[in-house]
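Enquirer: What follows is final.tsv, made up of TSV, C-alpha atoms:
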chain	number	residue	atom	x	y	z
A	1	MET	CA	92.36	81.80	68.54
A	2	PRO	CA	95.05	79.84	70.47
A	3	ASP	CA	93.97	77.39	73.13
A	4	LEU	CA	93.11	78.98	76.46
A	5	PRO	CA	95.60	78.37	79.28
A	6	ARG	CA	94.38	76.00	81.97
A	7	TYR	CA	95.24	75.64	85.63
A	8	LYS	CA	94.13	72.88	88.02
A	9	ALA	CA	93.82	74.11	91.60
A	10	HIS	CA	95.09	71.71	94.25
A	11	ARG	CA	92.72	70.75	97.06
A	12	THR	CA	94.59	70.96	100.37
A	13	THR	CA	93.95	69.57	103.82
A	14	THR	CA	96.50	71.91	105.41
A	15	PRO	CA	95.48	75.50	104.68
A	16	PRO	CA	98.42	77.92	104.54
A	17	PRO	CA	98.69	80.85	106.92
A	18	ILE	CA	98.21	84.07	105.01
A	19	ASP	CA	101.53	85.81	105.63
A	20	GLY	CA	102.59	86.74	102.11
A	21	THR	CA	105.58	84.38	101.89
A	22	LEU	CA	104.31	81.21	100.12
A	23	THR	CA	106.70	79.22	102.33
A	24	HIS	CA	104.11	76.98	104.02
A	25	PRO	CA	104.39	73.31	102.88
A	26	ALA	CA	100.86	73.41	101.44
A	27	TRP	CA	102.09	75.64	98.62
A	28	ALA	CA	104.65	73.03	97.59
A	29	GLU	CA	101.73	70.76	96.62
A	30	ALA	CA	100.47	73.24	94.01
A	31	ALA	CA	101.88	73.80	90.53
A	32	TRP	CA	102.84	77.22	89.23
A	33	THR	CA	100.90	78.84	86.46
A	34	SER	CA	102.75	79.49	83.24
A	35	ASP	CA	104.78	82.69	83.33
A	36	PHE	CA	102.83	85.83	82.55
A	37	VAL	CA	102.98	87.34	79.06
A	38	ASP	CA	102.20	90.70	77.50
A	39	ILE	CA	98.45	91.34	77.48
A	40	ARG	CA	98.52	91.73	73.69
A	41	GLY	CA	99.79	88.19	73.17
A	42	ASP	CA	102.40	88.01	70.45
A	43	GLN	CA	104.98	90.30	72.07
A	44	PRO	CA	108.42	89.86	73.66
A	45	ALA	CA	108.42	88.24	77.09
A	46	PRO	CA	108.21	90.68	80.02
A	47	PRO	CA	111.58	91.50	81.59
A	48	TYR	CA	110.45	90.37	85.06
A	49	ARG	CA	108.89	87.02	85.87
A	50	THR	CA	105.38	86.76	87.32
A	51	ARG	CA	103.63	83.50	88.23
A	52	ALA	CA	100.99	82.25	90.65
A	53	LYS	CA	99.54	79.21	92.45
A	54	LEU	CA	96.05	78.35	93.68
A	55	LEU	CA	94.82	76.03	96.40
A	56	TYR	CA	91.41	75.41	97.93
A	57	ASP	CA	89.66	73.70	100.79
A	58	ASP	CA	86.11	73.74	102.17
A	59	GLU	CA	86.39	77.33	103.37
A	60	TYR	CA	88.60	79.30	100.97
A	61	LEU	CA	90.15	79.69	97.55
A	62	TYR	CA	93.81	80.53	98.17
A	63	LEU	CA	95.93	82.59	95.80
A	64	GLY	CA	99.70	82.99	95.95
A	65	ALA	CA	101.76	85.02	93.49
A	66	GLU	CA	105.43	85.89	93.04
A	67	LEU	CA	106.48	89.07	91.21
A	68	GLU	CA	110.13	89.52	90.32
A	69	GLU	CA	110.90	93.21	90.74
A	70	PRO	CA	114.22	95.00	91.37
A	71	HIS	CA	112.47	98.21	92.45
A	72	VAL	CA	109.49	97.62	94.77
A	73	TRP	CA	107.64	100.88	95.33
A	74	SER	CA	104.12	101.98	96.13
A	75	THR	CA	102.34	105.04	97.50
A	76	MET	CA	98.61	104.27	97.37
A	77	THR	CA	97.16	103.53	100.80
A	78	GLU	CA	93.47	104.31	100.35
A	79	ARG	CA	91.28	101.20	100.06
A	80	ASN	CA	89.08	100.76	96.98
A	81	THR	CA	90.84	103.28	94.77
A	82	PHE	CA	92.29	102.94	91.25
A	83	LEU	CA	95.28	100.79	92.16
A	84	TYR	CA	96.18	100.19	88.50
A	85	GLU	CA	97.53	103.74	88.49
A	86	GLU	CA	100.62	102.22	90.14
A	87	ASN	CA	102.19	98.75	90.21
A	88	ASN	CA	99.75	96.10	91.39
A	89	PHE	CA	98.54	92.49	91.06
A	90	GLU	CA	95.01	91.53	90.00
A	91	LEU	CA	92.69	88.48	89.96
A	92	PHE	CA	89.53	88.14	87.86
A	93	LEU	CA	86.97	85.36	88.44
A	94	ASP	CA	83.90	84.45	86.39
A	95	PRO	CA	82.61	81.30	88.14
A	96	ASP	CA	79.93	80.35	85.62
A	97	GLY	CA	81.76	81.56	82.51
A	98	ASP	CA	78.87	83.67	81.25
A	99	ARG	CA	80.88	86.95	80.96
A	100	GLN	CA	78.55	88.50	83.56
A	101	ASN	CA	78.69	89.22	87.28
A	102	TYR	CA	82.43	88.67	87.55
A	103	TYR	CA	84.70	89.62	90.44
A	104	GLU	CA	87.90	91.67	90.32
A	105	PHE	CA	90.53	91.91	93.07
A	106	GLU	CA	93.57	94.19	93.12
A	107	ILE	CA	96.41	94.58	95.62
A	108	ASN	CA	99.61	96.63	95.71
A	109	PRO	CA	102.96	96.25	97.54
A	110	LEU	CA	101.61	98.21	100.51
A	111	GLY	CA	98.79	95.68	100.90
A	112	THR	CA	96.12	98.15	99.79
A	113	ILE	CA	93.20	96.37	98.12
A	114	TRP	CA	90.38	97.16	95.71
A	115	GLU	CA	87.46	94.84	95.01
A	116	LEU	CA	84.67	95.34	92.50
A	117	THR	CA	82.15	93.42	90.43
A	118	LEU	CA	81.23	93.89	86.78
A	119	PRO	CA	77.67	92.90	85.79
A	120	LYS	CA	79.03	92.74	82.22
A	121	PRO	CA	82.18	94.03	80.47
A	122	TYR	CA	82.65	97.77	80.10
A	123	ALA	CA	82.55	97.43	76.30
A	124	ASP	CA	79.04	95.97	76.63
A	125	GLY	CA	77.87	98.87	78.77
A	126	GLY	CA	78.78	97.39	82.14
A	127	VAL	CA	78.93	99.72	85.13
A	128	ALA	CA	81.09	98.49	87.99
A	129	VAL	CA	79.60	97.74	91.39
A	130	ASP	CA	82.40	99.51	93.20
A	131	PRO	CA	83.37	98.50	95.78
A	132	THR	CA	82.22	94.91	96.21
A	133	ASN	CA	84.22	93.88	99.24
A	134	LEU	CA	84.22	90.33	100.60
A	135	PRO	CA	84.05	90.76	104.39
A	136	GLY	CA	85.96	87.53	105.05
A	137	LEU	CA	88.80	88.22	102.60
A	138	ARG	CA	92.30	87.71	104.05
A	139	THR	CA	95.40	89.12	102.38
A	140	ALA	CA	99.11	89.60	103.04
A	141	ILE	CA	102.15	90.98	101.22
A	142	HIS	CA	105.84	90.13	101.59
A	143	VAL	CA	108.58	92.31	100.11
A	144	ASP	CA	111.87	90.56	99.41
A	145	GLY	CA	113.94	93.70	99.70
A	146	THR	CA	113.17	97.21	100.92
A	147	LEU	CA	109.97	98.99	99.94
A	148	ASN	CA	110.36	102.49	98.52
A	149	ASP	CA	114.16	102.54	98.77
A	150	PRO	CA	115.84	103.12	95.39
A	151	SER	CA	119.34	102.85	96.85
A	152	ASP	CA	119.37	99.04	96.57
A	153	ASP	CA	118.03	96.28	94.31
A	154	ASP	CA	115.14	94.14	95.49
A	155	ALA	CA	114.26	90.56	94.53
A	156	GLY	CA	110.53	91.21	94.30
A	157	TRP	CA	107.28	90.95	96.21
A	158	SER	CA	104.72	88.24	96.81
A	159	VAL	CA	100.99	88.11	97.46
A	160	GLU	CA	98.79	85.72	99.40
A	161	ALA	CA	95.01	85.92	99.61
A	162	ALA	CA	92.18	83.72	100.89
A	163	PHE	CA	88.76	84.26	99.29
A	164	PRO	CA	85.86	82.77	101.29
A	165	TRP	CA	83.57	80.49	99.31
A	166	ALA	CA	80.58	81.70	101.30
A	167	GLU	CA	81.07	85.18	99.84
A	168	LEU	CA	82.32	84.23	96.36
A	169	GLY	CA	79.09	82.26	96.05
A	170	ARG	CA	77.20	85.42	95.11
A	171	HIS	CA	78.93	85.22	91.72
A	172	ALA	CA	78.30	81.51	91.07
A	173	LYS	CA	75.32	79.32	90.30
A	174	GLY	CA	76.92	76.04	91.38
A	175	SER	CA	77.88	74.50	94.69
A	176	MET	CA	80.36	76.11	97.06
A	177	PRO	CA	83.09	74.99	97.27
A	178	PRO	CA	83.20	73.86	93.64
A	179	ALA	CA	82.92	70.12	93.00
A	180	PRO	CA	85.87	68.21	91.54
A	181	GLY	CA	85.89	68.77	87.78
A	182	ASP	CA	84.07	72.12	87.93
A	183	GLU	CA	85.59	74.80	85.72
A	184	TRP	CA	85.61	78.56	86.21
A	185	ARG	CA	87.04	81.29	84.01
A	186	MET	CA	89.95	83.21	85.51
A	187	ASN	CA	92.65	85.66	84.65
A	188	LEU	CA	95.56	87.18	86.53
A	189	MET	CA	97.31	90.43	85.73
A	190	ARG	CA	100.27	92.49	86.83
A	191	VAL	CA	100.39	96.23	86.15
A	192	GLU	CA	103.93	97.56	85.83
A	193	TRP	CA	104.84	101.24	85.48
A	194	SER	CA	108.16	102.75	84.52
A	195	HIS	CA	109.72	104.98	87.14
A	196	ASP	CA	112.35	107.64	87.73
A	197	VAL	CA	114.36	108.37	90.86
A	198	VAL	CA	114.11	111.99	91.92
A	199	GLU	CA	115.87	113.28	95.04
A	200	GLY	CA	116.26	109.75	96.39
A	201	ALA	CA	112.63	108.71	95.88
A	202	TYR	CA	110.69	106.81	93.25
A	203	ARG	CA	108.50	108.79	90.88
A	204	LYS	CA	106.05	107.11	88.51
A	205	GLY	CA	106.97	107.34	84.84
A	206	GLU	CA	104.87	107.42	81.69
A	207	GLN	CA	105.06	103.79	80.47
A	208	GLN	CA	102.41	101.36	81.69
A	209	ASP	CA	102.63	97.63	80.89
A	210	PHE	CA	100.15	94.84	81.48
A	211	TRP	CA	101.40	91.28	81.98
A	212	VAL	CA	98.84	88.51	82.22
A	213	TRP	CA	98.36	84.77	82.57
A	214	ALA	CA	95.91	84.52	79.64
A	215	PRO	CA	96.57	86.98	76.81
A	216	GLN	CA	93.69	89.25	75.82
A	217	TYR	CA	94.99	90.21	72.33
A	218	ALA	CA	94.14	93.83	73.16
A	219	VAL	CA	94.95	96.23	75.97
A	220	ASP	CA	91.67	95.39	77.69
A	221	MET	CA	91.42	92.99	80.61
A	222	HIS	CA	87.65	92.97	80.43
A	223	ARG	CA	87.32	90.41	77.65
A	224	PRO	CA	86.28	87.34	79.70
A	225	GLU	CA	86.01	85.17	76.60
A	226	HIS	CA	89.83	85.25	76.47
A	227	TRP	CA	90.39	84.37	80.12
A	228	GLY	CA	91.89	81.03	81.03
A	229	VAL	CA	90.24	78.03	82.68
A	230	LEU	CA	90.51	77.30	86.41
A	231	GLU	CA	89.71	73.66	87.10
A	232	PHE	CA	88.96	72.21	90.52
Can the structure from this file be put into C-alpha cells for me?
Expert:
Amino acid sequence: MPDLPRYKAHRTTTPPPIDGTLTHPAWAEAAWTSDFVDIRGDQPAPPYRTRAKLLYDDEYLYLGAELEEPHVWSTMTERNTFLYEENNFELFLDPDGDRQNYYEFEINPLGTIWELTLPKPYADGGVAVDPTNLPGLRTAIHVDGTLNDPSDDDAGWSVEAAFPWAELGRHAKGSMPPAPGDEWRMNLMRVEWSHDVVEGAYRKGEQQDFWVWAPQYAVDMHRPEHWGVLEF
C-alpha cells in the first residue's frame, strides 16, 4: 500500500474569524493539503481542484477548504440529513487511530451540516450515532459566484469550521488540545454530482464522484486504515 498522506497542522496565536473566506492572515501561516484525488486511487485527476488547511489553538481545531466549482448549487436545508445526496464537503477524524468511535462532519454550499459518530466502520457492523452534534461547533460558507444560478460561471465555494477541543475530546484518549507531535488519523472528502439545467434551474444528475485527500482504494470512505495522518 502506498505511504499515507500526512499533514502538519499549524498552531496559531491569532485565531481566524469563521466567515468562510480563508482571507484572515492566520490562514497564510498554514500549508495546503495535497490536491484531492479520486477515492479509488489510481484514476485520472478530478476536473476541479479541492484542497484544505488546518490550524489549531487552545480552544479549537480550525478547518478551511477551497472547492473549485463552476456551478455552485444546493437545495438541502434540513440539518442532520444525508447531505452526500448532493454536493458537499466532509471531514473524518479518528483521534486515537483505533478505527473506532470516529467523528464525521458534512457541510453543503447552503451551510447545512450533518454530524455523526461511528463506533466502528459500517463493514464491521457499525451503527451510526446520528446525529452527534458538537454544541460549540462554528461554521461558515462563502460562495465565489452566485448560488443556484446556472446563467453564469462561478469560481467555487469555500468552507471554514472551528471544532471545540472540549467536545472533540469525547473521541480521544489523550490530552486536549493535542500535544506537539501527537498524531491523529484524518480524511477529507468532496462529493460531486453531475447536473442538468432544466427550465433555468439546476437538477441533480445520475453521476456521483468522490474526491478525497487520502485515497481509499474502494468507493467506501469508512476504511479508517487508509486515512491520512494529521500531526500536531
Enquirer: I want to know what sits within 10 Å of A:Thr146, based on all atoms listed in the file, with residues of the same chain fewer than 3 positions away left out; could you give that as a PyMOL selection string?
Expert: chain A and resi 70-73+143+149-157
Enquirer: Export C-alpha atoms of the chosen residues as a PDB file, in the frame of the given file?
Expert:
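Writing the result to again_35.pdb gives the following:
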ATOM      1  CA  PRO A  70     114.220  95.000  91.370  1.00  0.00           C
ATOM      2  CA  HIS A  71     112.470  98.210  92.450  1.00  0.00           C
ATOM      3  CA  VAL A  72     109.490  97.620  94.770  1.00  0.00           C
ATOM      4  CA  TRP A  73     107.640 100.880  95.330  1.00  0.00           C
ATOM      5  CA  VAL A 143     108.580  92.310 100.110  1.00  0.00           C
ATOM      6  CA  ASP A 149     114.160 102.540  98.770  1.00  0.00           C
ATOM      7  CA  PRO A 150     115.840 103.120  95.390  1.00  0.00           C
ATOM      8  CA  SER A 151     119.340 102.850  96.850  1.00  0.00           C
ATOM      9  CA  ASP A 152     119.370  99.040  96.570  1.00  0.00           C
ATOM     10  CA  ASP A 153     118.030  96.280  94.310  1.00  0.00           C
ATOM     11  CA  ASP A 154     115.140  94.140  95.490  1.00  0.00           C
ATOM     12  CA  ALA A 155     114.260  90.560  94.530  1.00  0.00           C
ATOM     13  CA  GLY A 156     110.530  91.210  94.300  1.00  0.00           C
ATOM     14  CA  TRP A 157     107.280  90.950  96.210  1.00  0.00           C
TER      15      TRP A 157
END
Enquirer: Which residues of stretch 66-174 of chain A have any atom within 7 Å of an atom in stretch 43-50 of chain A when counting all atoms listed in the file, and what is the closest pair of atoms for each, with the distance in Å to one decimal? Order the rows by chain and rising number and write it as CSV.
Expert:
residue,atom,partner,partner_atom,distance
A:Glu66,CA,A:Thr50,CA,5.8
A:Leu67,CA,A:Thr50,CA,4.7
A:Glu68,CA,A:Arg49,CA,5.3
A:Glu69,CA,A:Tyr48,CA,6.4
Enquirer: Quick one: pull the distance between atom CA of A:Ala26 and atom CA of A:Val212, Å, one decimal.
Expert: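 These atoms are spaced 24.5 Å apart.
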Enquirer: Need the shell around A:Met76: protein/DNA/RNA residues with any atom at most 12 Å away, counting only C-alpha atoms. Skip same-chain ones fewer than 4 positions apart. Format as a ChimeraX atom specification?
Expert: /A:80-88,107-114,148,204
Enquirer: Nearest residue to A:His171 out of A:Asp220, A:Glu199, A:Asp42, A:Asp94, using only C-alpha atoms?
Expert: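 Closest candidate: A:Asp94.
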Enquirer: Applying 10 Å and all atoms listed in the file, which residues near stretch 2-6 of chain A remain after dropping the ones on its own chain fewer than 5 positions away? List them as an MDAnalysis selection string.
Expert: chainID A and resid 33:34 41 183 185:187 213:215 225:231
Enquirer: Using Å and a single decimal, report how far atom CA of A:Glu115 sits from atom CA of A:Thr77.
Expert: 14.3 Å
Enquirer: Would you pick out the contacts of A:Tyr60 at 8 Å or less, using only C-alpha atoms, so that residues sharing its chain but fewer than 6 positions from it are not included, and give the list as a list in words?
Expert: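 Answer for this query is Ala162, Phe163, Pro164, Trp165 and Pro177 of chain A.
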Enquirer: Choose the residue, out of A:Asp144, A:Glu90, A:Asp196, A:Asp124, that has the smallest atom-to-atom separation from A:Ala52; count only C-alpha atoms.
Expert: A:Glu90
Enquirer: When you draw a straight line from atom CA of A:Arg79 to atom CA of A:Ile18, how long is it in Å?
Expert: 19.1 Å
Enquirer: Would you mind telling me which residue in A:Gly64, A:Tyr102, A:Gln208, A:Pro25 lies nearest to A:Val127 when using all atoms listed in the file?
Expert: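 Nearest to A:Val127: A:Tyr102.
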Enquirer: Just want the 10 Å neighbourhood of A:Asp19, counted on all atoms listed in the file, with same-chain residues fewer than 6 positions away dropped. Output as an MDAnalysis selection string.
Expert: chainID A and resid 138:142 158:161
Enquirer: Just checking: using only C-alpha atoms, which residue out of A:Glu206, A:Asp182, A:Asp96, A:Glu106 ends up closest to A:Gly169?
Expert: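 The shortest atom-to-atom distance to A:Gly169 comes from A:Asp96.
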Enquirer: Which is closest to A:Trp27 among A:Arg40, A:Lys53, A:His195, A:Gly97, if we use all atoms listed in the file?
Expert: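 Comparing A:Arg40, A:Lys53, A:His195, A:Gly97 against A:Trp27, the winner is A:Lys53.
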Enquirer: Find the smallest box with edges along x, y and z containing every listed atom of stretch 117-131 of chain A, then add 4 Å on each side and report centre and edge lengths in Å to one decimal, as JSON.
Expert:
{"center_x": 80.5, "center_y": 96.2, "center_z": 86.0, "size_x": 13.7, "size_y": 15.0, "size_z": 27.5}
Enquirer: Using only C-alpha atoms, which residue out of A:Ala166, A:Leu188, A:Val219, A:Leu54 lies closest to A:Pro16?
Expert: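 Checking each of A:Ala166, A:Leu188, A:Val219, A:Leu54 against A:Pro16, counting only C-alpha atoms, the winner is A:Leu54.
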